[in-house]
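Printed here is entry27.csv (CSV, C-alpha atoms):
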```csv
chain,number,residue,atom,x,y,z
E,1,MET,CA,28.2,11.4,-3.3
E,2,LYS,CA,28.0,10.3,-6.9
E,3,GLN,CA,31.2,10.5,-8.9
E,4,LYS,CA,31.9,10.7,-12.6
E,5,ILE,CA,35.3,9.3,-13.5
E,6,VAL,CA,37.0,9.2,-16.9
E,7,ILE,CA,40.0,7.0,-17.3
E,8,LYS,CA,42.0,6.7,-20.5
E,9,VAL,CA,43.0,3.1,-21.2
E,10,SER,CA,45.1,1.6,-24.0
E,11,MET,CA,42.5,-0.4,-25.9
E,12,HIS,CA,43.7,-1.7,-29.2
E,13,CYS,CA,41.0,-4.2,-30.1
E,14,SER,CA,37.5,-5.3,-29.1
E,15,LYS,CA,39.0,-7.9,-26.7
E,16,CYS,CA,40.8,-5.1,-24.8
E,17,ARG,CA,37.6,-3.1,-24.6
E,18,THR,CA,35.7,-6.1,-23.2
E,19,VAL,CA,38.4,-6.7,-20.6
E,20,ALA,CA,38.5,-3.0,-19.6
E,21,LEU,CA,34.7,-2.9,-19.3
E,22,GLN,CA,34.6,-6.1,-17.2
E,23,VAL,CA,37.4,-4.9,-14.8
E,24,ALA,CA,35.6,-1.6,-14.3
E,25,ALA,CA,32.1,-3.1,-13.9
E,26,VAL,CA,33.1,-5.4,-11.0
E,27,ALA,CA,34.8,-2.6,-9.0
E,28,TYR,CA,33.2,-1.6,-5.7
E,29,GLY,CA,30.7,1.2,-6.0
E,30,VAL,CA,30.5,1.3,-9.8
E,31,ASN,CA,26.9,1.9,-11.1
E,32,SER,CA,27.6,2.2,-14.8
E,33,VAL,CA,30.5,1.9,-17.3
E,34,ALA,CA,30.5,3.3,-20.9
E,35,LEU,CA,33.1,3.8,-23.6
E,36,HIS,CA,33.8,7.5,-24.1
E,37,GLY,CA,35.7,9.7,-26.5
E,38,PRO,CA,35.9,9.9,-30.3
E,39,GLU,CA,38.2,6.8,-30.5
E,40,LYS,CA,36.3,5.0,-27.7
E,41,ASP,CA,39.6,4.8,-25.8
E,42,LYS,CA,38.2,6.1,-22.5
E,43,LEU,CA,36.0,4.6,-19.8
E,44,MET,CA,33.3,6.8,-18.3
E,45,ILE,CA,32.4,5.4,-14.9
E,46,LEU,CA,29.5,6.6,-12.7
E,47,GLY,CA,29.3,5.4,-9.1
E,48,GLU,CA,29.4,6.1,-5.4
E,49,GLY,CA,32.4,5.6,-3.3
E,50,VAL,CA,34.6,4.3,-6.1
E,51,ASP,CA,38.3,4.0,-5.2
E,52,VAL,CA,39.8,5.6,-8.3
E,53,ALA,CA,43.4,4.7,-7.6
E,54,CYS,CA,42.5,1.0,-7.0
E,55,LEU,CA,40.4,0.9,-10.2
E,56,THR,CA,43.2,2.4,-12.2
E,57,GLU,CA,45.8,0.0,-10.8
E,58,ALA,CA,43.5,-3.0,-11.7
E,59,LEU,CA,43.2,-1.7,-15.2
E,60,ARG,CA,47.0,-1.3,-15.5
E,61,LYS,CA,47.5,-4.9,-14.4
E,62,LYS,CA,45.2,-6.2,-17.1
E,63,LEU,CA,45.9,-3.7,-19.9
E,64,CYS,CA,49.3,-2.1,-19.1
E,65,HIS,CA,48.4,1.5,-19.5
E,66,ALA,CA,45.6,3.5,-17.8
E,67,THR,CA,45.6,7.2,-16.7
E,68,ILE,CA,43.0,9.1,-14.7
E,69,GLU,CA,41.7,12.1,-16.6
E,70,ILE,CA,38.6,13.4,-14.7
E,71,VAL,CA,37.2,12.7,-11.3
E,72,GLU,CA,34.3,15.0,-10.4
E,73,GLU,CA,31.2,14.9,-8.3
E,74,VAL,CA,27.9,14.6,-10.1
E,75,LYS,CA,25.3,16.9,-8.6
E,76,GLU,CA,21.8,15.5,-8.9
E,77,PRO,CA,19.1,18.0,-9.9
E,78,SER,CA,17.3,19.2,-6.9
E,79,PRO,CA,13.7,18.3,-6.7
E,80,PRO,CA,11.3,21.1,-7.7
E,81,LYS,CA,10.1,23.2,-4.8
E,82,PRO,CA,6.5,22.6,-4.0
E,83,SER,CA,4.3,25.5,-4.8
E,84,ALA,CA,2.3,27.2,-2.1
E,85,PRO,CA,0.0,24.9,-0.3
E,86,PRO,CA,-3.5,25.0,-1.7
E,87,THR,CA,-5.8,27.4,0.0
E,88,PRO,CA,-8.6,25.7,2.0
E,89,PRO,CA,-12.1,26.2,0.7
E,90,PRO,CA,-14.0,29.2,2.3
E,91,GLN,CA,-15.7,28.3,5.5
E,92,ILE,CA,-19.5,28.4,5.4
E,93,ILE,CA,-21.1,29.7,8.5
E,94,TYR,CA,-24.7,28.7,9.2
E,95,CYS,CA,-26.7,31.0,11.3
E,96,GLN,CA,-29.7,29.6,13.1
E,97,GLN,CA,-32.2,31.8,14.8
E,98,PRO,CA,-33.2,30.7,18.3
E,99,PRO,CA,-36.7,29.1,18.5
E,100,GLN,CA,-39.6,31.6,19.1
E,101,PHE,CA,-41.3,31.3,22.4
E,102,GLU,CA,-44.5,32.9,23.5
E,103,CYS,CA,-44.3,34.3,27.0
E,104,TYR,CA,-47.3,34.4,29.3
E,105,ARG,CA,-47.3,35.9,32.7
E,106,VAL,CA,-49.8,35.2,35.5
E,107,VAL,CA,-51.0,38.4,37.0
E,108,ALA,CA,-52.9,38.3,40.3
E,109,ASP,CA,-56.0,40.5,40.5
E,110,PRO,CA,-55.4,43.0,43.3
E,111,SER,CA,-59.0,43.3,44.3
E,112,PRO,CA,-60.8,40.0,44.2
E,113,ALA,CA,-64.5,40.2,43.3
E,114,PRO,CA,-67.0,39.2,45.9
E,115,CYS,CA,-68.4,35.8,45.6
E,116,THR,CA,-71.8,35.9,44.2
E,117,ILE,CA,-72.9,32.3,44.9
E,118,MET,CA,-73.0,32.6,48.6
```
Rendering of file as structure tokens:
Amino acid sequence: MKQKIVIKVSMHCSKCRTVALQVAAVAYGVNSVALHGPEKDKLMILGEGVDVACLTEALRKKLCHATIEIVEEVKEPSPPKPSAPPTPPPQIIYCQQPPQFECYRVVADPSPAPCTIM
């Protein structure tokens, strides 16, 4: 679960900002750190599984004052649903006529003709 955390830190100079960014950047689970707010006195931290209390305590040790302002879950946009599967091309049915046969039938002559040679 991704988290968005905003911590207000007392940062009086650029050195304090650098220290705050370094402390936040090395914390477990932090993906990105940015300065936030009109006076750039807040850290906006994005990450997964960040221990907010531990991070705030580390900032307090280095910079004396840090307060948690916002901790919220960041919902990732759901992937677009795939449209209906494409319809298969129409099936083509080939019709073949069976081969033509000529039928012959042998018919026996019921009355044989007398032999004329003998």
Env of E:Ile7: 7 Å cut, atoms = only C-alpha atoms, seq-sep filter 5 positions within chain, self excluded. Answer as a ChimeraX atom specification. /E:42-44,66-69
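The interatomic distance for the pair atom CA of E:Ala58 and atom CA of E:Cys13 works out to 18.6 Å.
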What does the structure give for the distance between atom CA of E:Leu63 and atom CA of E:Val9, in Å to one decimal? 7.5 Å
To one decimal in Å, tell me the separation between atom CA of E:Ala25 and atom CA of E:Ser78.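 Atom-to-atom, atom CA of E:Ala25 to atom CA of E:Ser78, that is 27.7 Å.
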For E:Cys54, find every residue with an atom within 12 Å (counting all atoms listed in the file), except residues of its own chain fewer than 6 positions away, and show them as a ChimeraX atom specification. /E:23-24,27-29,60-61,66-68
Contacts of E:Met1 at 8 Å or less, counting all atoms listed in the file, minus same-chain residues fewer than 5 places along, as a list in words? Glu48, Gly49, Glu73 and Val74 of chain E
Output C-alpha atoms of each residue in that selection to a file, as a PDB file, keeping the file's coordinate frame.
```pdb
ATOM      1  CA  GLU E  48      29.400   6.100  -5.400  1.00  0.00           C
ATOM      2  CA  GLY E  49      32.400   5.600  -3.300  1.00  0.00           C
ATOM      3  CA  GLU E  73      31.200  14.900  -8.300  1.00  0.00           C
ATOM      4  CA  VAL E  74      27.900  14.600 -10.100  1.00  0.00           C
TER       5      VAL E  74
END
```
Among listed residues E:Ser83, E:Gly47, E:Cys16, E:Pro89, nearest E:Val71 (using all atoms listed in the file):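 Looking at the shortest contact to E:Val71, the residue is E:Gly47.
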